[in-house]
file query-v6.tsv (TSV, C-alpha atoms and all ligand atoms)
chain	number	residue	atom	x	y	z
A	1	MET	CA	0.27	45.26	256.21
A	2	LYS	CA	-0.61	44.83	259.91
A	3	SER	CA	-4.16	45.98	259.50
A	4	THR	CA	-5.10	43.10	257.18
A	5	PRO	CA	-4.82	40.25	259.76
A	6	ALA	CA	-6.62	42.45	262.29
A	7	LEU	CA	-9.45	42.96	259.85
A	8	ALA	CA	-9.57	39.22	259.18
A	9	LEU	CA	-9.80	38.60	262.93
A	10	THR	CA	-12.60	41.14	263.25
A	11	LEU	CA	-14.48	39.43	260.43
A	12	ALA	CA	-13.92	36.04	262.08
A	13	LEU	CA	-15.33	37.37	265.36
A	14	SER	CA	-18.28	38.87	263.53
A	15	ALA	CA	-18.93	35.52	261.88
A	16	SER	CA	-18.91	33.67	265.23
A	17	THR	CA	-21.22	36.33	266.66
A	18	LEU	CA	-23.64	35.57	263.84
A	19	VAL	CA	-23.46	31.84	264.64
A	20	VAL	CA	-24.29	32.54	268.30
A	21	ALA	CA	-27.18	34.73	267.22
A	22	GLN	CA	-28.47	31.93	264.99
A	23	SER	CA	-28.25	29.28	267.71
A	24	GLY	CA	-30.08	31.72	269.97
A	25	GLY	CA	-32.84	31.66	267.41
A	26	MET	CA	-32.82	27.88	267.47
A	27	GLN	CA	-33.28	27.91	271.24
A	28	GLY	CA	-36.27	30.13	270.74
A	29	MET	CA	-37.78	27.45	268.51
A	30	ASP	CA	-37.04	24.75	271.09
A	31	MET	CA	-38.90	26.77	273.71
A	32	LYS	CA	-41.90	26.94	271.40
A	33	ASP	CA	-41.83	23.15	270.94
A	34	MET	CA	-41.66	22.63	274.71
A	35	GLY	CA	-44.66	24.90	275.12
A	36	GLU	CA	-46.74	22.53	272.98
A	37	THR	CA	-45.75	19.39	274.93
A	38	PRO	CA	-48.36	19.67	277.75
A	39	GLN	CA	-51.18	19.67	275.19
A	40	VAL	CA	-50.01	16.30	273.86
A	41	ASP	CA	-49.44	14.82	277.32
A	42	GLU	CA	-52.99	14.43	278.59
A	43	PRO	CA	-53.51	10.68	279.15
A	44	THR	CA	-56.96	11.04	280.75
A	45	ASP	CA	-58.40	12.51	277.56
A	46	VAL	CA	-57.13	9.76	275.26
A	47	THR	CA	-59.94	7.53	274.01
A	48	HIS	CA	-59.01	3.92	273.31
A	49	GLN	CA	-61.02	1.52	271.16
A	50	MET	CA	-61.27	-2.23	271.17
A	51	ALA	CA	-63.47	-5.16	270.29
A	52	ALA	CA	-64.56	-7.22	273.27
A	53	VAL	CA	-66.97	-9.89	274.46
A	54	VAL	CA	-69.08	-9.05	277.52
A	55	LYS	CA	-68.27	-11.62	280.22
A	56	ASP	CA	-70.11	-10.21	283.20
A	57	VAL	CA	-72.31	-7.22	283.98
A	58	ASP	CA	-72.63	-5.59	287.39
A	59	MET	CA	-75.14	-2.78	287.01
A	60	ALA	CA	-75.40	-2.20	290.77
A	61	SER	CA	-71.76	-1.14	291.02
A	62	GLY	CA	-71.55	0.19	287.46
A	63	LYS	CA	-68.98	-2.30	286.25
A	64	VAL	CA	-68.57	-4.67	283.36
A	65	THR	CA	-66.11	-7.50	282.77
A	66	LEU	CA	-64.84	-7.63	279.20
A	67	ALA	CA	-62.72	-10.18	277.33
A	68	HIS	CA	-61.02	-7.71	275.03
A	69	GLU	CA	-58.76	-7.96	272.02
A	70	PRO	CA	-55.26	-6.41	272.10
A	71	VAL	CA	-55.25	-2.61	272.53
A	72	LYS	CA	-52.31	-1.11	270.61
A	73	SER	CA	-52.66	2.38	272.08
A	74	LEU	CA	-52.04	0.94	275.57
A	75	ASN	CA	-49.74	-1.95	274.59
A	76	TRP	CA	-52.27	-4.35	276.07
A	77	PRO	CA	-52.46	-7.99	275.06
A	78	ALA	CA	-55.84	-9.67	274.86
A	79	MET	CA	-57.24	-10.26	278.35
A	80	THR	CA	-60.32	-10.35	280.53
A	81	MET	CA	-60.67	-7.47	282.95
A	82	GLY	CA	-63.12	-5.19	284.70
A	83	PHE	CA	-64.12	-1.74	283.48
A	84	ARG	CA	-66.19	0.98	285.08
A	85	VAL	CA	-69.15	2.14	282.99
A	86	LYS	CA	-69.65	5.89	282.56
A	87	ASP	CA	-73.35	5.99	281.78
A	88	ARG	CA	-76.11	3.65	282.90
A	89	THR	CA	-77.68	3.74	279.45
A	90	LEU	CA	-74.57	1.95	278.15
A	91	PHE	CA	-75.75	-1.17	279.99
A	92	ASP	CA	-78.49	-1.48	277.36
A	93	LYS	CA	-75.75	-2.62	274.98
A	94	LEU	CA	-73.65	-4.47	277.52
A	95	VAL	CA	-75.28	-7.89	277.52
A	96	THR	CA	-73.41	-10.95	278.75
A	97	GLY	CA	-72.09	-12.99	275.83
A	98	LYS	CA	-72.48	-10.15	273.33
A	99	LYS	CA	-69.61	-9.00	271.13
A	100	VAL	CA	-69.21	-5.24	271.25
A	101	LYS	CA	-66.98	-2.39	270.15
A	102	VAL	CA	-66.03	-0.30	273.13
A	103	GLU	CA	-64.48	3.13	273.61
A	104	PHE	CA	-62.86	3.84	276.96
A	105	ILE	CA	-60.55	6.24	278.75
A	106	GLN	CA	-58.09	5.83	281.58
A	107	GLN	CA	-59.19	7.50	284.80
A	108	GLY	CA	-56.51	7.23	287.46
A	109	SER	CA	-55.95	3.50	287.93
A	110	ASP	CA	-59.39	2.66	286.53
A	111	TYR	CA	-60.64	2.31	282.99
A	112	LEU	CA	-63.96	3.87	282.14
A	113	VAL	CA	-66.16	2.70	279.26
A	114	THR	CA	-67.50	5.83	277.53
A	115	ALA	CA	-69.21	4.31	274.48
A	116	VAL	CA	-70.51	0.93	273.30
A	117	LYS	CA	-71.32	0.07	269.70
B	1	CU	CU	-57.07	-5.35	279.67
call {"tool": "encode", "arguments": {"input": "query-v6.tsv", "output": "C-alpha cells"}}
result
Amino acid sequence: MKSTPALALTLALSASTLVVAQSGGMQGMDMKDMGETPQVDEPTDVTHQMAAVVKDVDMASGKVTLAHEPVKSLNWPAMTMGFRVKDRTLFDKLVTGKKVKVEFIQQGSDYLVTAVK
C-alpha cells in the first residue's frame, strides 16, 4: 500500500525531468537562432533604392545632390540631400535636372550611390 504513492512520486519526478530535458532542447534551438542574427545585422551591405531628381553634381568631390522620393527601407521622407558617388562612370547618368533610379548603401554617416538607372 505504501509503495504505490512512492511509485507515483517517482513517476512525477521522471515526468518533470523530461520537461527539463525538453526545455533544454528549446534553449539549444534559441542558441541556433542567435547564431544567425549577425548575418542579418549588416547595415553597410543593405542596398536601398529610390527614384530621384538630380539637383546638383559635384564631380570634383565625387558628390551629387538628389531630390529623392520617400525611402521605406530607411524610413526616410522625401527630401533633398547630398550623396557620395562610388564610381566616376556613374556621373555619365547623373545629369542635373534628370530623373533617375538610384541604388545606394549607407557607409558610416554617409550615403554612397552604387548604381544609377
Ligand atoms: Cu534623404
call {"tool": "closest_residue", "arguments": {"input": "query-v6.tsv", "among": "A:Met79, A:Val46, A:Leu74, A:Met59", "to": "ligand CU 1 (chain B)", "atoms": "all atoms listed in the file"}}
result
A:Met79
call {"tool": "residues_around", "arguments": {"input": "query-v6.tsv", "residues": "Ala51 of chain A", "least_positions_apart": "4", "cutoff": "6 Å", "atoms": "only C-alpha atoms", "output": "ChimeraX atom specification"}}
result
/A:68-69,100-101
call {"tool": "atom_distance", "arguments": {"input": "query-v6.tsv", "atom1": "atom CA of Ser73 of chain A", "atom2": "atom CA of Phe104 of chain A"}}
result
11.4 Å
call {"tool": "residues_around", "arguments": {"input": "query-v6.tsv", "residues": "Lys98 of chain A", "least_positions_apart": "5", "cutoff": "9 Å", "atoms": "all atoms listed in the file", "output": "PDB file with C-alpha atoms, keeping the file's coordinate frame"}}
result
ATOM      1  CA  ALA A  52     -64.560  -7.220 273.270  1.00  0.00           C
ATOM      2  CA  VAL A  53     -66.970  -9.890 274.460  1.00  0.00           C
ATOM      3  CA  VAL A  54     -69.080  -9.050 277.520  1.00  0.00           C
ATOM      4  CA  LYS A  55     -68.270 -11.620 280.220  1.00  0.00           C
ATOM      5  CA  LYS A  93     -75.750  -2.620 274.980  1.00  0.00           C
TER       6      LYS A  93
END
call {"tool": "atom_distance", "arguments": {"input": "query-v6.tsv", "atom1": "atom CA of Asn75 of chain A", "atom2": "atom CA of Arg88 of chain A"}}
result
28.2 Å
call {"tool": "residues_near_ligand", "arguments": {"input": "query-v6.tsv", "ligand": "ligand CU 1 (chain B)", "cutoff": "9 Å", "atoms": "all atoms listed in the file", "output": "PyMOL selection string"}}
result
chain A and resi 66-71+76-83
call {"tool": "residues_around", "arguments": {"input": "query-v6.tsv", "residues": "Leu90 of chain A", "least_positions_apart": "5", "cutoff": "10 Å", "atoms": "all atoms listed in the file", "output": "short mmCIF file (atom, residue, chain, number, x, y, z; two decimals) with C-alpha atoms, in the coordinates of the input"}}
result
data_model
loop_
_atom_site.label_atom_id
_atom_site.label_comp_id
_atom_site.auth_asym_id
_atom_site.auth_seq_id
_atom_site.Cartn_x
_atom_site.Cartn_y
_atom_site.Cartn_z
CA GLY A 62 -71.55 0.19 287.46
CA VAL A 85 -69.15 2.14 282.99
CA VAL A 95 -75.28 -7.89 277.52
CA VAL A 113 -66.16 2.70 279.26
CA THR A 114 -67.50 5.83 277.53
CA ALA A 115 -69.21 4.31 274.48
CA VAL A 116 -70.51 0.93 273.30
CA LYS A 117 -71.32 0.07 269.70
#
call {"tool": "atom_distance", "arguments": {"input": "query-v6.tsv", "atom1": "atom CA of Val102 of chain A", "atom2": "atom CA of Asp56 of chain A"}}
result
14.7 Å
call {"tool": "closest_residue", "arguments": {"input": "query-v6.tsv", "among": "A:Asp45, A:Met50, A:Val64, A:Leu112", "to": "Thr96 of chain A", "atoms": "all atoms listed in the file"}}
result
A:Val64
call {"tool": "axis_aligned_box", "arguments": {"input": "query-v6.tsv", "around": "segment 55-69 of chain A", "padding_each_side": "4 Å", "output": "JSON"}}
result
{"center_x": -67.1, "center_y": -5.7, "center_z": 281.5, "size_x": 24.6, "size_y": 19.8, "size_z": 27.0}
